[in-house]
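See below for the structure under consideration.
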Amino acid sequence: MLGFDLTDEQRELKSLARKFAENEIIPRARECDEKEIFPVDICQKAFDAGLMNFGVPKDLGGPGLGVLDTSLIVEELNYGCAGISNAVGANDLATLPVLIAGNAEQKKVYLGQLIKQLTFCAFAITEPSAGSDVAAMTTTYRREGDEFVLNGNKHFISNGSRADWYVTFATSDKRLKHKGISAFVFPSNVPGLTRNRMHGKLGQRAADTGEIFYDNVRIPASSLLGREGEGFKYAMATFDHSRPEIGAIAIGIAQRALDECLKYSKQRSAFGQPISNFQAIQFMMADMAIEIEAMRLLTYKAAWLVDQGQSPNAISSYAKAFSADACMRITIDAVQIFGGYGYMKEYPVEKLMRDAKLLQIYEGTSQIQRVVIARNLLKE
């Protein structure tokens with residue numbers, strides 16, 4: 001039996017997140033975007049309100065939320081600002097490999113930190129020449145006694161210059177491609193590790209996007225997540241879980257764009273009447289509403305399937321690709337509805353359009369999602 005009603009708890013989570021977005025995020029969004037401010041103070045408030053680290057299990061003191069519940073919250077936070085919400089939510093991506101492959105001690109140490117006080121962590125896989133092509137990574141590791149030694153660099157890493165600990169992926173032998181990749185978890189204060197924040201992004205400018213450099217970084221053998229050579233598998237399992245949440249980010253941005261258009265179209269007049277009276281404008285907003293509803297249904301289904309213990313590789317890709325592309329179309333149309341004012345920073349829609357673009361790029365581009373989907377279709 002299908003059902004589409006949210007539980008009372010889910011409605012409360014959405015309400016809490018929406019109020020936080022309205023009271024804490026929206027008032028700061030423009031300033032943080034323009035000045036590239038990483039909003040530590042807002043993150044602290046989110047931490048205090050229980051709006052961070054959603055996947056940390058209850059037995060470690062966390063909320064232990066599933067992907068659907070998390071997506072509902074993510075949607076509302078991103079209604080406020082995708083950059084600030086990235087700062088609030090990026091920990092969730094780094095916690096997933098630990099949940100998937102970590103042993104009891106690793107979970108206690110690293111996930112436990114996230115609950116005790118405001119702590120940041122990062123998922124470090126992307127490199128200058130290894131984004132979509134993960135097997136092309138050049139960050140290497142070697143075993144020396146009871147230690148692993150890392151060399152190489154990562155970039156475009158959310159929380160990259162802020163993280164207190166990292167999940168990093170490296171290869172033992174580039175010739176092995178996917179089979180040579182392993183995953184490690186370790187604190188950021190190890191000797192030989194340097195990092196810096198990357199500046200000049202088009203959108204999501206409040207988020208910390210960093211470069212990380214490993215120069216003979218020595219970490220104990222206990223830093224290995226799971227088994228050697230299975231890092232690629234852990235990364236892909238992570239994305240199966242996280243991609244519905246990208247769909248939720250898209251829903252939040254797109255819903256804000258539609259709401260701004262509805263409000264503006266009733267206030268703005270042309271030819272002696274509100275532009276909301278013009279069928280051309282009405283149809284653009286109707287198409288936005290259709291796509292947002294489709295985004296919700298597809299994203300919620302993908303999240304629900306993950307929570308049911310299934311591994312919906314293709315469905316997660318459906319949700320991510322469709323929602324990211326639809327969000328881009330919606331925000332472009334929002335700028336069009338606002339006309340010349342839409343092109344000005346005085347109004348929020350130009351920022352929504354800039355923030356939306358990244359959704360088509362990170363955690364697997366829209367093109368890579370189609371590769372995943374096509375392979376799944378041809379395999380059937």
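Letters A, B, ... mark the chains of the structure tokens in the order given; residue numbers begin at 1 per chain; ligand numbers begin at 1, in order shown.
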Do you have, as a tab-separated table, the list of residues of region 236-337 of chain A lying at most 6 Å from region 76-90 of chain A, each with its nearest atom pair and that distance in Å to one decimal, counting only C-alpha atoms and ordered by chain then number?
residue	atom	partner	partner_atom	distance
A:Ile249	CA	A:Asn78	CA	5.6
A:Gly252	CA	A:Tyr79	CA	4.3
A:Ile253	CA	A:Tyr79	CA	5.3
A:Arg256	CA	A:Tyr79	CA	5.4
Please produce a file of the residues just selected, as a short mmCIF file (atom, residue, chain, number, x, y, z; two decimals), in the first residue's frame, where the atoms kept are C-alpha atoms.
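Result saved to part15.cif:
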data_model
loop_
_atom_site.label_atom_id
_atom_site.label_comp_id
_atom_site.auth_asym_id
_atom_site.auth_seq_id
_atom_site.Cartn_x
_atom_site.Cartn_y
_atom_site.Cartn_z
CA ILE A 249 18.79 20.59 -1.92
CA GLY A 252 14.63 23.71 -1.47
CA ILE A 253 16.26 26.08 -3.96
CA ARG A 256 12.25 29.31 -2.92
#
Would you mind listing what lies within 6 Å of region 318-320 of chain A as a ChimeraX atom specification, with only C-alpha atoms counted and same-chain residues fewer than 5 positions away left out? /A:243,246-247,298-299
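Nearest to Arg195 (chain A) of all the residues A:Val109, A:Ala334, A:Ala235, A:Ala124 is A:Ala124, counting only C-alpha atoms.
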Would you mind telling me which residue in A:Cys121, A:Ala250, A:Ala303, A:Ala206 lies nearest to Thr70 (chain A) when using only C-alpha atoms?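 That would be A:Ala303, the residue with the smallest distance to Thr70 (chain A).
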May I ask which of the residues A:Ala302, A:Ala183, A:Val349, A:Ile315 is the closest one to Ala94 (chain A), counting only C-alpha atoms?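 Looking at the shortest contact to Ala94 (chain A), the residue is A:Ala183.
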What are the DSSP alpha helix (DSSP H) residues of region 110-349 of chain A, as a PyMOL selection string? chain A and resi 112-116+231-267+279-307+313-338+349
Export of prior selection with C-alpha atoms as a compact mmCIF listing (two decimals), in the first residue's frame:
# COMPACT_ATOMS: atom_id res chain seq x y z
CA GLY A 112 31.19 10.56 18.75
CA GLN A 113 33.14 13.80 18.26
CA LEU A 114 30.34 15.23 16.14
CA ILE A 115 27.88 14.94 19.02
CA LYS A 116 30.03 16.28 21.84
CA GLY A 231 37.49 2.17 -1.11
CA PHE A 232 35.78 2.65 -4.46
CA LYS A 233 32.92 0.41 -3.36
CA TYR A 234 32.52 2.42 -0.15
CA ALA A 235 32.52 5.68 -2.11
CA MET A 236 29.81 4.47 -4.48
CA ALA A 237 27.71 3.20 -1.56
CA THR A 238 28.12 6.63 0.01
CA PHE A 239 26.78 8.32 -3.11
CA ASP A 240 23.80 5.95 -3.25
CA HIS A 241 22.88 7.32 0.18
CA SER A 242 23.78 10.96 -0.43
CA ARG A 243 22.36 11.58 -3.91
CA PRO A 244 18.73 11.78 -2.73
CA GLU A 245 19.86 14.56 -0.43
CA ILE A 246 21.18 16.49 -3.45
CA GLY A 247 17.67 16.13 -4.83
CA ALA A 248 16.40 17.65 -1.58
CA ILE A 249 18.79 20.59 -1.92
CA ALA A 250 17.40 21.17 -5.41
CA ILE A 251 13.83 21.09 -4.10
CA GLY A 252 14.63 23.71 -1.47
CA ILE A 253 16.26 26.08 -3.96
CA ALA A 254 13.54 25.56 -6.56
CA GLN A 255 10.68 26.05 -4.08
CA ARG A 256 12.25 29.31 -2.92
CA ALA A 257 12.55 30.44 -6.56
CA LEU A 258 8.87 29.68 -7.24
CA ASP A 259 7.74 31.42 -4.06
CA GLU A 260 9.77 34.51 -4.93
CA CYS A 261 8.24 34.52 -8.42
CA LEU A 262 4.71 34.19 -7.10
CA LYS A 263 5.23 37.11 -4.74
CA TYR A 264 7.01 39.32 -7.28
CA SER A 265 4.54 38.63 -10.11
CA LYS A 266 1.69 39.94 -7.96
CA GLN A 267 3.60 43.11 -7.08
CA GLN A 279 -0.53 33.71 -19.33
CA ALA A 280 3.14 33.56 -20.34
CA ILE A 281 4.15 34.18 -16.72
CA GLN A 282 1.46 31.87 -15.38
CA PHE A 283 2.65 29.00 -17.58
CA MET A 284 6.28 29.47 -16.50
CA MET A 285 5.27 29.26 -12.85
CA ALA A 286 2.95 26.33 -13.51
CA ASP A 287 5.83 24.44 -15.12
CA MET A 288 7.97 25.22 -12.07
CA ALA A 289 5.30 23.77 -9.78
CA ILE A 290 4.99 20.62 -11.91
CA GLU A 291 8.73 20.01 -11.85
CA ILE A 292 9.03 20.66 -8.12
CA GLU A 293 6.30 18.13 -7.41
CA ALA A 294 8.02 15.58 -9.64
CA MET A 295 11.34 16.32 -7.89
CA ARG A 296 9.76 15.65 -4.51
CA LEU A 297 8.20 12.36 -5.50
CA LEU A 298 11.34 11.03 -7.14
CA THR A 299 13.65 12.22 -4.36
CA TYR A 300 11.44 10.90 -1.57
CA LYS A 301 11.14 7.54 -3.32
CA ALA A 302 14.92 7.24 -3.67
CA ALA A 303 15.43 8.21 -0.01
CA TRP A 304 12.74 5.77 1.13
CA LEU A 305 14.32 2.92 -0.82
CA VAL A 306 17.68 3.55 0.86
CA ASP A 307 15.98 3.52 4.25
CA ASN A 313 21.92 2.92 -7.47
CA ALA A 314 19.88 3.94 -10.51
CA ILE A 315 16.97 5.49 -8.60
CA SER A 316 19.36 7.70 -6.63
CA SER A 317 20.84 8.79 -9.94
CA TYR A 318 17.35 9.48 -11.35
CA ALA A 319 16.62 11.72 -8.38
CA LYS A 320 19.94 13.54 -8.49
CA ALA A 321 20.02 14.13 -12.25
CA PHE A 322 16.37 15.12 -12.68
CA SER A 323 16.27 17.38 -9.63
CA ALA A 324 19.54 19.15 -10.40
CA ASP A 325 18.58 19.80 -14.02
CA ALA A 326 15.04 20.87 -13.13
CA CYS A 327 16.33 23.22 -10.43
CA MET A 328 18.62 24.86 -12.96
CA ARG A 329 15.74 25.40 -15.38
CA ILE A 330 13.50 26.76 -12.65
CA THR A 331 16.03 29.27 -11.35
CA ILE A 332 16.84 30.47 -14.87
CA ASP A 333 13.13 31.04 -15.46
CA ALA A 334 12.90 32.84 -12.13
CA VAL A 335 15.51 35.33 -13.27
CA GLN A 336 13.54 35.75 -16.51
CA ILE A 337 10.31 36.47 -14.65
CA PHE A 338 12.07 39.13 -12.59
CA VAL A 349 16.81 34.91 -7.68
Considering only C-alpha atoms, state which residue in the set A:Gly203, A:Pro97, A:Phe184, A:Gln273 is at the smallest distance from Ile361 (chain A). A:Gly203
So that each row is one residue of region 34-59 of chain A with an atom at most 12 Å from region 155-159 of chain A, can you give its shortest atom pair and the distance in Å to one decimal, using only C-alpha atoms, rows by chain and rising number, as CSV?
residue,atom,partner,partner_atom,distance
A:Phe38,CA,A:Asn159,CA,9.6
A:Pro39,CA,A:Asn159,CA,11.7
A:Val40,CA,A:Asn159,CA,11.5
Write the selection just made, keeping C-alpha atoms, as an mmCIF file, in the first residue's frame?
data_model
loop_
_atom_site.group_PDB
_atom_site.id
_atom_site.type_symbol
_atom_site.label_atom_id
_atom_site.label_comp_id
_atom_site.auth_asym_id
_atom_site.auth_seq_id
_atom_site.Cartn_x
_atom_site.Cartn_y
_atom_site.Cartn_z
ATOM 1 C CA PHE A 38 31.874 30.641 6.479
ATOM 2 C CA PRO A 39 29.008 30.888 9.002
ATOM 3 C CA VAL A 40 30.437 29.242 12.100
#
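The shortest atom-to-atom distance to Val98 (chain A), with only C-alpha atoms taken into account, belongs to A:Gly55 out of A:Gly55, A:Gly342, A:Gly131, A:Pro63.
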Please extract the residues of region 228-279 of chain A with a backbone DSSP assignment of strand (DSSP E) and present them as number ranges by chain. A: 269-270, 273-274
Could you save those same residues with N, CA and C atoms as a compact mmCIF listing (two decimals), in the first residue's frame?
# COMPACT_ATOMS: atom_id res chain seq x y z
N SER A 269 3.93 45.37 -11.96
CA SER A 269 2.91 45.68 -12.95
C SER A 269 3.54 46.00 -14.30
N ALA A 270 2.82 45.66 -15.35
CA ALA A 270 3.20 46.02 -16.72
C ALA A 270 1.93 46.12 -17.54
N GLN A 273 -1.32 46.23 -15.38
CA GLN A 273 -1.82 45.12 -14.55
C GLN A 273 -0.65 44.30 -14.01
N PRO A 274 -0.89 43.54 -12.93
CA PRO A 274 0.18 42.69 -12.39
C PRO A 274 0.62 41.67 -13.45
I'd like the neighbourhood of Thr168 (chain A) as a PDB file with N, CA, C and O atoms, in the first residue's frame, where a residue qualifies if any of its atoms comes within 9 Å (using only C-alpha atoms), though same-chain residues fewer than 2 positions away should be ignored.
ATOM      1  N   ALA A 122      35.179  16.067   6.654  1.00  0.00           N
ATOM      2  CA  ALA A 122      35.139  16.201   5.202  1.00  0.00           C
ATOM      3  C   ALA A 122      35.360  14.862   4.513  1.00  0.00           C
ATOM      4  O   ALA A 122      36.112  14.012   5.001  1.00  0.00           O
ATOM      5  N   PHE A 123      34.715  14.709   3.375  1.00  0.00           N
ATOM      6  CA  PHE A 123      34.822  13.546   2.487  1.00  0.00           C
ATOM      7  C   PHE A 123      35.735  13.974   1.343  1.00  0.00           C
ATOM      8  O   PHE A 123      35.361  14.823   0.525  1.00  0.00           O
ATOM      9  N   ALA A 124      36.951  13.424   1.293  1.00  0.00           N
ATOM     10  CA  ALA A 124      37.962  13.896   0.350  1.00  0.00           C
ATOM     11  C   ALA A 124      38.256  12.837  -0.704  1.00  0.00           C
ATOM     12  O   ALA A 124      39.008  11.895  -0.452  1.00  0.00           O
ATOM     13  N   ILE A 125      37.647  13.016  -1.874  1.00  0.00           N
ATOM     14  CA  ILE A 125      37.894  12.080  -2.966  1.00  0.00           C
ATOM     15  C   ILE A 125      38.308  12.795  -4.251  1.00  0.00           C
ATOM     16  O   ILE A 125      39.146  12.300  -4.997  1.00  0.00           O
ATOM     17  N   LYS A 154      43.949  16.794  -2.777  1.00  0.00           N
ATOM     18  CA  LYS A 154      42.525  16.790  -3.081  1.00  0.00           C
ATOM     19  C   LYS A 154      42.072  18.236  -3.253  1.00  0.00           C
ATOM     20  O   LYS A 154      42.665  19.154  -2.672  1.00  0.00           O
ATOM     21  N   TYR A 166      39.122  13.804   8.506  1.00  0.00           N
ATOM     22  CA  TYR A 166      38.849  13.517   7.101  1.00  0.00           C
ATOM     23  C   TYR A 166      38.582  12.041   6.863  1.00  0.00           C
ATOM     24  O   TYR A 166      39.161  11.172   7.529  1.00  0.00           O
ATOM     25  N   ALA A 170      42.655   6.995  -1.371  1.00  0.00           N
ATOM     26  CA  ALA A 170      43.972   6.973  -2.015  1.00  0.00           C
ATOM     27  C   ALA A 170      44.178   5.614  -2.661  1.00  0.00           C
ATOM     28  O   ALA A 170      43.485   4.639  -2.333  1.00  0.00           O
ATOM     29  N   SER A 182      41.685   2.617  -1.540  1.00  0.00           N
ATOM     30  CA  SER A 182      41.283   2.341  -0.156  1.00  0.00           C
ATOM     31  C   SER A 182      40.838   3.643   0.510  1.00  0.00           C
ATOM     32  O   SER A 182      41.123   4.742   0.019  1.00  0.00           O
ATOM     33  N   ALA A 183      40.136   3.511   1.619  1.00  0.00           N
ATOM     34  CA  ALA A 183      39.613   4.671   2.347  1.00  0.00           C
ATOM     35  C   ALA A 183      40.218   4.717   3.748  1.00  0.00           C
ATOM     36  O   ALA A 183      40.443   3.672   4.375  1.00  0.00           O
ATOM     37  N   PHE A 184      40.468   5.921   4.233  1.00  0.00           N
ATOM     38  CA  PHE A 184      41.096   6.122   5.542  1.00  0.00           C
ATOM     39  C   PHE A 184      40.368   7.231   6.292  1.00  0.00           C
ATOM     40  O   PHE A 184      39.862   8.176   5.698  1.00  0.00           O
ATOM     41  N   VAL A 185      40.330   7.120   7.607  1.00  0.00           N
ATOM     42  CA  VAL A 185      39.771   8.165   8.445  1.00  0.00           C
ATOM     43  C   VAL A 185      40.817   8.557   9.478  1.00  0.00           C
ATOM     44  O   VAL A 185      41.412   7.694  10.133  1.00  0.00           O
ATOM     45  N   PHE A 186      41.056   9.864   9.612  1.00  0.00           N
ATOM     46  CA  PHE A 186      42.109  10.335  10.517  1.00  0.00           C
ATOM     47  C   PHE A 186      41.914  11.818  10.816  1.00  0.00           C
ATOM     48  O   PHE A 186      41.247  12.533  10.064  1.00  0.00           O
TER      49      PHE A 186
END
With distances taken over only C-alpha atoms, which residue among A:Asn53, A:Gln310, A:Thr139, A:Gln360 lies nearest Ile181 (chain A)? A:Thr139
Rounded to one decimal place, report the CA of Leu193 (chain A)-CA of Ile42 (chain A) distance in Å.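 Going from CA of Leu193 (chain A) over to CA of Ile42 (chain A) covers 27.5 Å.
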